[in-house]
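A.B. asks: Mind looking over this structure? Questions follow.
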Amino acid sequence: MKHWNIIVLTLLGLLLVACGGGNPTPIPAPPPTNTPQQDAVPTATATEAVVELPVVPTMPPLPTSTALPTSTPDVATAVPTATGTILITAADFGTDRNPLTGEIVDNPENLQRRPLNVKISNAPASYTRPQAGLNDADWVFEHTAEGNLTRFSAIFYSKTPERIGPIRSARLIDLELPAMFDAALVFSGSSDGVRRRLNESDFSQRILYGWEPGYYRTGEDKPYEHTLYTNPAQLWLTLGEKGQNVPPEFVTFNSFSEEAPVGGIPTSKVTANYDWTIVDWVYDPIYERYERWSDGQIHADGNTYEQVVAKNVVIMSPFHTFDGKICEQLNLDNTCASYSVEIQLWGSGPATILRDGNRYDVIWHREGRNDTLTFTDSEGNPFPLKIGNTWVQLIPSWLKNPVTYTS
């Protein structure tokens with residue numbers, strides 16, 4: 001009997017955390033139909049009406065800044081300097097460099113395991129920050145979930161933090177990232193519509209569900225849905241028991257360089273206003289990295305309480321649309337308050353990369369389903385990331401001038 005009680009309680013817990021809490025402001029009505037997932041499709045040409053945003057709190061006055069252009073920018077050709085390490089082809093990484101960061105790893109055996117795509121909560125701040133493990137991720141994608149709230153999809157490969165969390169539910173973007181990084185999906189649950197899509201996906205055998213070994217509850221005095229964390233070392237063992245902890249097969253590779261490309265525009269700070277939250281990345285010339293601030297406060301890693309940092313910050317706004325077949329949250333009258341947001345991370349489009357205190361307008365690419373994001377200059381040459389970790393700010397395409405740059 002005790003055994004059955006445990007099972008019932010576990011199932012109830014999973015139902016409680018499947019979706020985000022609260023009742024966000026209803027979003028515009030979704031389109032009547034949904035475009036099915038494709039391996040690769042041309043860049044979306046559809047446009048959306050610009051939504052005028054309410055007045056939101058702003059940071060203290062800054063030096064003159066430039067708003068993100070609403071049209072495709074002229075892309076400056078960026079050529080690496082002749083000095084320093086330059087990594088272009090897969091062979092350049094050898095057996096001891098992480099192909100996701102270009103860094104030499106302390107333990108090359110870590111490169112023989114499968115990456116983890118971990119869903120990490122970012123709302124509300126009082127229950128989720130500081131999140132554990134962010135500085136150990138190779139790539140982090142910040143994206144809109146619903147109600148303009150943001151959530152993180154973090155890729156862990158070369159490093160093993162003691163814990164990661166809080167873990168939250170998957171969204172439609174998590175149909176793309178595990179394919180891009182040949183990763184396992186780590187999450188707390190999902191809406192019914194997203195769960196069906198995940199179960200039908202080409203990576204369904206490497207999904208790690210919240211009841212499997214490697215997840216645990218902290219017992220903290222806060223809402224239950226914000227108490228799920230993971231021990232990634234155990235998750236890799238669980239993958240091994242499934243026969244899924246194998247080296248990833250990366251299809252495409254980014255290039256990396258130690259030295260900054262020429263042609264950049266000096267930029268000391270970038271601000272991304274998601275309406276619900278304001279993110280600042282401020283360049284530190286001493287450590288040659290960007291430091292993250294959220295809503296005017298230092299954003300720290302909950303494992304070390306050190307500020308979250310990145311060597312590269314990517315700003316891009318792929319087409320965002322609502323999937324009218326998938327409801328993420330219901331109103332009290334059972335009407336849908338929030339439909340699932342589809343972020344179309346396929347094809348190509350304009351992006352801005354910040355590295356070494358400069359910004360560069362580039363083109364992002366993902367032509368095949370198993371391709372990672374790669375970047376080129378206006379001539380089609382590979383644009384090199386700085387050796388180190390990368391944060392990608394996915395900006396909703398309906399926001400008006402949400403990004404500003406400070407020289």
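Simple scheme: letters A, B, ... for chains in structure tokens order, numbers from 1 for residues in each chain, numbers from 1 for ligands in the order shown.
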Using DSSP secondary structure from the backbone, list all strand (DSSP E) positions within stretch 119-258 of chain A, as a VMD selection string.
C.D. replies: chain A and resid 119 to 120 139 to 144 150 to 156 184 to 186 207 to 208 215 to 217 228 to 230 256 to 257
A.B. asks: Using the selection just defined, write its residues with C-alpha atoms as a compact mmCIF listing (two decimals), in the first residue's frame.
C.D. replies:
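And here is the file that came out, out_26.txt:
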# COMPACT_ATOMS: atom_id res chain seq x y z
CA LYS A 119 15.16 23.60 -18.90
CA ILE A 120 15.79 26.19 -16.17
CA TRP A 139 25.45 27.54 -24.47
CA VAL A 140 22.37 29.14 -22.91
CA PHE A 141 19.29 30.24 -24.85
CA GLU A 142 16.95 32.72 -23.19
CA HIS A 143 13.52 32.62 -24.82
CA THR A 144 9.96 33.76 -24.25
CA THR A 150 11.46 34.09 -20.15
CA ARG A 151 12.99 30.68 -19.57
CA PHE A 152 16.43 29.18 -20.18
CA SER A 153 17.46 26.18 -22.26
CA ALA A 154 21.04 25.45 -21.19
CA ILE A 155 23.42 23.03 -22.92
CA PHE A 156 25.78 21.19 -20.56
CA ALA A 184 19.20 14.61 -24.06
CA LEU A 185 16.25 16.64 -22.79
CA VAL A 186 16.10 17.38 -19.04
CA ILE A 207 14.32 12.17 -22.93
CA LEU A 208 14.98 12.13 -19.18
CA TYR A 215 16.25 14.53 -10.19
CA TYR A 216 15.43 15.54 -6.64
CA ARG A 217 13.29 17.98 -4.63
CA LEU A 228 13.04 20.42 -8.71
CA TYR A 229 16.82 20.21 -9.27
CA THR A 230 19.18 17.75 -10.92
CA PHE A 256 36.47 30.26 -32.89
CA SER A 257 39.33 32.71 -32.48
A.B. asks: Which neighbours of A:Gly264 fall inside 7 Å, counting only C-alpha atoms, when residues of the same chain fewer than 6 positions from it are skipped, and could you give them as an MDAnalysis selection string?
C.D. replies: chainID A and resid 358:360
A.B. asks: Just the number, please: distance in Å from atom CA of A:Thr89 to atom CA of A:Asn135, one decimal.
C.D. replies: 26.1 Å
A.B. asks: Which one of A:Asp377, A:Glu306, A:Asp295, A:Glu109 sits closest to A:Asp280 if you count only C-alpha atoms?
C.D. replies: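 Going through A:Asp377, A:Glu306, A:Asp295, A:Glu109 one by one, the smallest distance to A:Asp280 is for A:Asp295.
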A.B. asks: Fewer than 6 positions away in the same chain doesn't count, so skip those; otherwise give me all residues within 9 Å of A:Ser294, counting only C-alpha atoms, as a CSV table (one decimal) with N, CA and C atoms, in the first residue's frame.
C.D. replies:
chain,number,residue,atom,x,y,z
A,277,THR,N,11.0,41.3,-18.3
A,277,THR,CA,12.3,41.4,-17.7
A,277,THR,C,13.2,42.2,-18.6
A,278,ILE,N,14.2,42.9,-17.9
A,278,ILE,CA,15.2,43.6,-18.7
A,278,ILE,C,16.6,43.0,-18.4
A,279,VAL,N,17.3,42.7,-19.4
A,279,VAL,CA,18.6,42.0,-19.3
A,279,VAL,C,19.7,42.9,-19.8
A,280,ASP,N,20.7,43.1,-19.1
A,280,ASP,CA,21.9,43.9,-19.5
A,280,ASP,C,23.1,42.9,-19.5
A,281,TRP,N,23.9,43.1,-20.5
A,281,TRP,CA,25.2,42.4,-20.6
A,281,TRP,C,26.2,43.6,-20.7
A.B. asks: Please report, as a PyMOL selection string, each residue of stretch 151-223 of chain A to which DSSP assigns alpha helix (DSSP H) when run on this structure's backbone.
C.D. replies: chain A and resi 177-181+192-199
A.B. asks: Can you check which parts of stretch 270-342 of chain A lie within 8 Å of stretch 188-195 of chain A? Per residue, the shortest pair of atoms and distance in Å to one decimal, counting only C-alpha atoms, sorted by chain and number, as JSON lines.
C.D. replies:
{"residue": "A:Lys325", "atom": "CA", "partner": "A:Gly193", "partner_atom": "CA", "distance": 7.2}
{"residue": "A:Ile326", "atom": "CA", "partner": "A:Gly193", "partner_atom": "CA", "distance": 5.0}
{"residue": "A:Cys327", "atom": "CA", "partner": "A:Ser191", "partner_atom": "CA", "distance": 7.2}
{"residue": "A:Glu328", "atom": "CA", "partner": "A:Ser191", "partner_atom": "CA", "distance": 5.8}
A.B. asks: Rounded to one decimal place, report the atom CA of A:Asp356-atom CA of A:Asp106 distance in Å.
C.D. replies: 24.2 Å
A.B. asks: For A:Gly102, please output as a list in words all residues within 12 Å (counting only C-alpha atoms; exclusion window: fewer than 6 positions along the same chain).
C.D. replies: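 Using only C-alpha atoms, the neighbours found are Thr85, Ile86, Leu87, Ile88, Thr89, Ala90, Ala91, Asp92, Phe93, Gly94, Thr95, Asp96, Asp138, Ser158, Phe253, Asn254, Ser255, Phe256, Ser257, Glu258, Lys311, Pro384, Leu385, Lys386, Ile387, Gly388, Asn389 and Thr390 of chain A.
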A.B. asks: Take the residues that were just selected and, keeping C-alpha atoms, output them as a PDB file, in the first residue's frame.
C.D. replies:
ATOM      1  CA  THR A  85      44.342  30.376 -32.008  1.00  0.00           C
ATOM      2  CA  ILE A  86      41.865  30.024 -34.874  1.00  0.00           C
ATOM      3  CA  LEU A  87      39.547  26.994 -35.005  1.00  0.00           C
ATOM      4  CA  ILE A  88      37.608  26.509 -38.235  1.00  0.00           C
ATOM      5  CA  THR A  89      37.199  22.830 -39.133  1.00  0.00           C
ATOM      6  CA  ALA A  90      36.265  19.835 -37.002  1.00  0.00           C
ATOM      7  CA  ALA A  91      39.856  18.599 -37.241  1.00  0.00           C
ATOM      8  CA  ASP A  92      41.105  21.790 -35.579  1.00  0.00           C
ATOM      9  CA  PHE A  93      39.486  20.792 -32.279  1.00  0.00           C
ATOM     10  CA  GLY A  94      41.424  17.538 -31.912  1.00  0.00           C
ATOM     11  CA  THR A  95      40.452  15.299 -28.998  1.00  0.00           C
ATOM     12  CA  ASP A  96      40.773  17.742 -26.120  1.00  0.00           C
ATOM     13  CA  ASP A 138      28.444  25.815 -22.833  1.00  0.00           C
ATOM     14  CA  SER A 158      32.124  19.689 -20.978  1.00  0.00           C
ATOM     15  CA  PHE A 253      30.708  23.469 -36.317  1.00  0.00           C
ATOM     16  CA  ASN A 254      31.270  27.083 -35.363  1.00  0.00           C
ATOM     17  CA  SER A 255      34.674  28.638 -35.831  1.00  0.00           C
ATOM     18  CA  PHE A 256      36.472  30.263 -32.886  1.00  0.00           C
ATOM     19  CA  SER A 257      39.333  32.708 -32.477  1.00  0.00           C
ATOM     20  CA  GLU A 258      41.242  34.200 -29.573  1.00  0.00           C
ATOM     21  CA  LYS A 311      32.429  35.309 -23.712  1.00  0.00           C
ATOM     22  CA  PRO A 384      34.463  33.246 -35.353  1.00  0.00           C
ATOM     23  CA  LEU A 385      33.080  33.217 -31.845  1.00  0.00           C
ATOM     24  CA  LYS A 386      35.457  34.009 -29.014  1.00  0.00           C
ATOM     25  CA  ILE A 387      36.758  30.876 -27.312  1.00  0.00           C
ATOM     26  CA  GLY A 388      34.431  30.308 -24.377  1.00  0.00           C
ATOM     27  CA  ASN A 389      30.729  30.067 -23.549  1.00  0.00           C
ATOM     28  CA  THR A 390      27.869  31.650 -25.486  1.00  0.00           C
TER      29      THR A 390
END
A.B. asks: Quick one: residues within 7 Å of A:Pro232, only C-alpha atoms, excluding same-chain residues fewer than 6 positions away - as an mmCIF file with C-alpha atoms, in the first residue's frame?
C.D. replies:
data_model
loop_
_atom_site.group_PDB
_atom_site.id
_atom_site.type_symbol
_atom_site.label_atom_id
_atom_site.label_comp_id
_atom_site.auth_asym_id
_atom_site.auth_seq_id
_atom_site.Cartn_x
_atom_site.Cartn_y
_atom_site.Cartn_z
ATOM 1 C CA THR A 160 29.731 18.912 -14.479
ATOM 2 C CA ARG A 163 23.525 20.753 -9.288
ATOM 3 C CA GLY A 214 19.180 12.280 -11.150
#
A.B. asks: So how far away is atom CA of A:Arg97 from atom CA of A:Arg113, in Å?
C.D. replies: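 Computing it gives 13.8 Å between the two atoms.
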A.B. asks: Set the distance at 12 Å and use only C-alpha atoms: which residues neighbour A:Gln205 once local chain neighbours fewer than 3 positions away are removed? I'd like the list as a VMD selection string.
C.D. replies: chain A and resid 178 182 to 185 198 to 202 208 to 209 239 to 245
A.B. asks: Restricting the output to C-alpha atoms, write the selected residues as a PDB file, in the first residue's frame.
C.D. replies:
ATOM      1  CA  PRO A 178      18.102  18.539 -28.629  1.00  0.00           C
ATOM      2  CA  ASP A 182      22.412  15.813 -30.278  1.00  0.00           C
ATOM      3  CA  ALA A 183      21.420  16.274 -26.638  1.00  0.00           C
ATOM      4  CA  ALA A 184      19.205  14.610 -24.058  1.00  0.00           C
ATOM      5  CA  LEU A 185      16.252  16.645 -22.786  1.00  0.00           C
ATOM      6  CA  LEU A 198       8.174  15.250 -27.753  1.00  0.00           C
ATOM      7  CA  ASN A 199       6.981  11.640 -27.729  1.00  0.00           C
ATOM      8  CA  GLU A 200       6.849  11.693 -31.533  1.00  0.00           C
ATOM      9  CA  SER A 201      10.250  13.361 -31.910  1.00  0.00           C
ATOM     10  CA  ASP A 202      13.428  11.833 -33.298  1.00  0.00           C
ATOM     11  CA  LEU A 208      14.985  12.129 -19.177  1.00  0.00           C
ATOM     12  CA  TYR A 209      11.712  12.391 -17.267  1.00  0.00           C
ATOM     13  CA  LEU A 239      21.489   7.934 -19.844  1.00  0.00           C
ATOM     14  CA  GLY A 240      24.147   5.233 -19.829  1.00  0.00           C
ATOM     15  CA  GLU A 241      21.678   2.713 -18.422  1.00  0.00           C
ATOM     16  CA  LYS A 242      19.437   3.510 -21.381  1.00  0.00           C
ATOM     17  CA  GLY A 243      22.314   3.044 -23.809  1.00  0.00           C
ATOM     18  CA  GLN A 244      22.048   6.730 -24.757  1.00  0.00           C
ATOM     19  CA  ASN A 245      25.155   8.257 -23.160  1.00  0.00           C
TER      20      ASN A 245
END
A.B. asks: Using only C-alpha atoms, which residue out of A:Asp361, A:Asp301, A:Asp323, A:Glu367 lies closest to A:Ile343?
C.D. replies: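 Looking only at the distances to A:Ile343, the closest residue turns out to be A:Asp323.
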A.B. asks: For a quick check of understanding, using only C-alpha atoms, which of A:Ala272, A:Ala125, A:Val309, A:Ala170 has the smallest distance to A:Thr404?
C.D. replies: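 Checking each of A:Ala272, A:Ala125, A:Val309, A:Ala170 against A:Thr404, counting only C-alpha atoms, the winner is A:Ala272.
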A.B. asks: Rank nothing, just name the residue among A:Leu399, A:Gly324, A:Arg206, A:Tyr287 nearest to A:Ala337, using only C-alpha atoms.
C.D. replies: A:Gly324
A.B. asks: Would you please work out which residue, of A:Glu212, A:Glu103, A:Glu291, A:Glu146, is nearest to A:Leu330 when using only C-alpha atoms?
C.D. replies: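 That would be A:Glu146, the residue with the smallest distance to A:Leu330.
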A.B. asks: Which is closest to A:Asp174 among A:Ile353, A:Leu345, A:Val403, A:Leu100, if we use only C-alpha atoms?
C.D. replies: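 The shortest atom-to-atom distance to A:Asp174 comes from A:Leu345.
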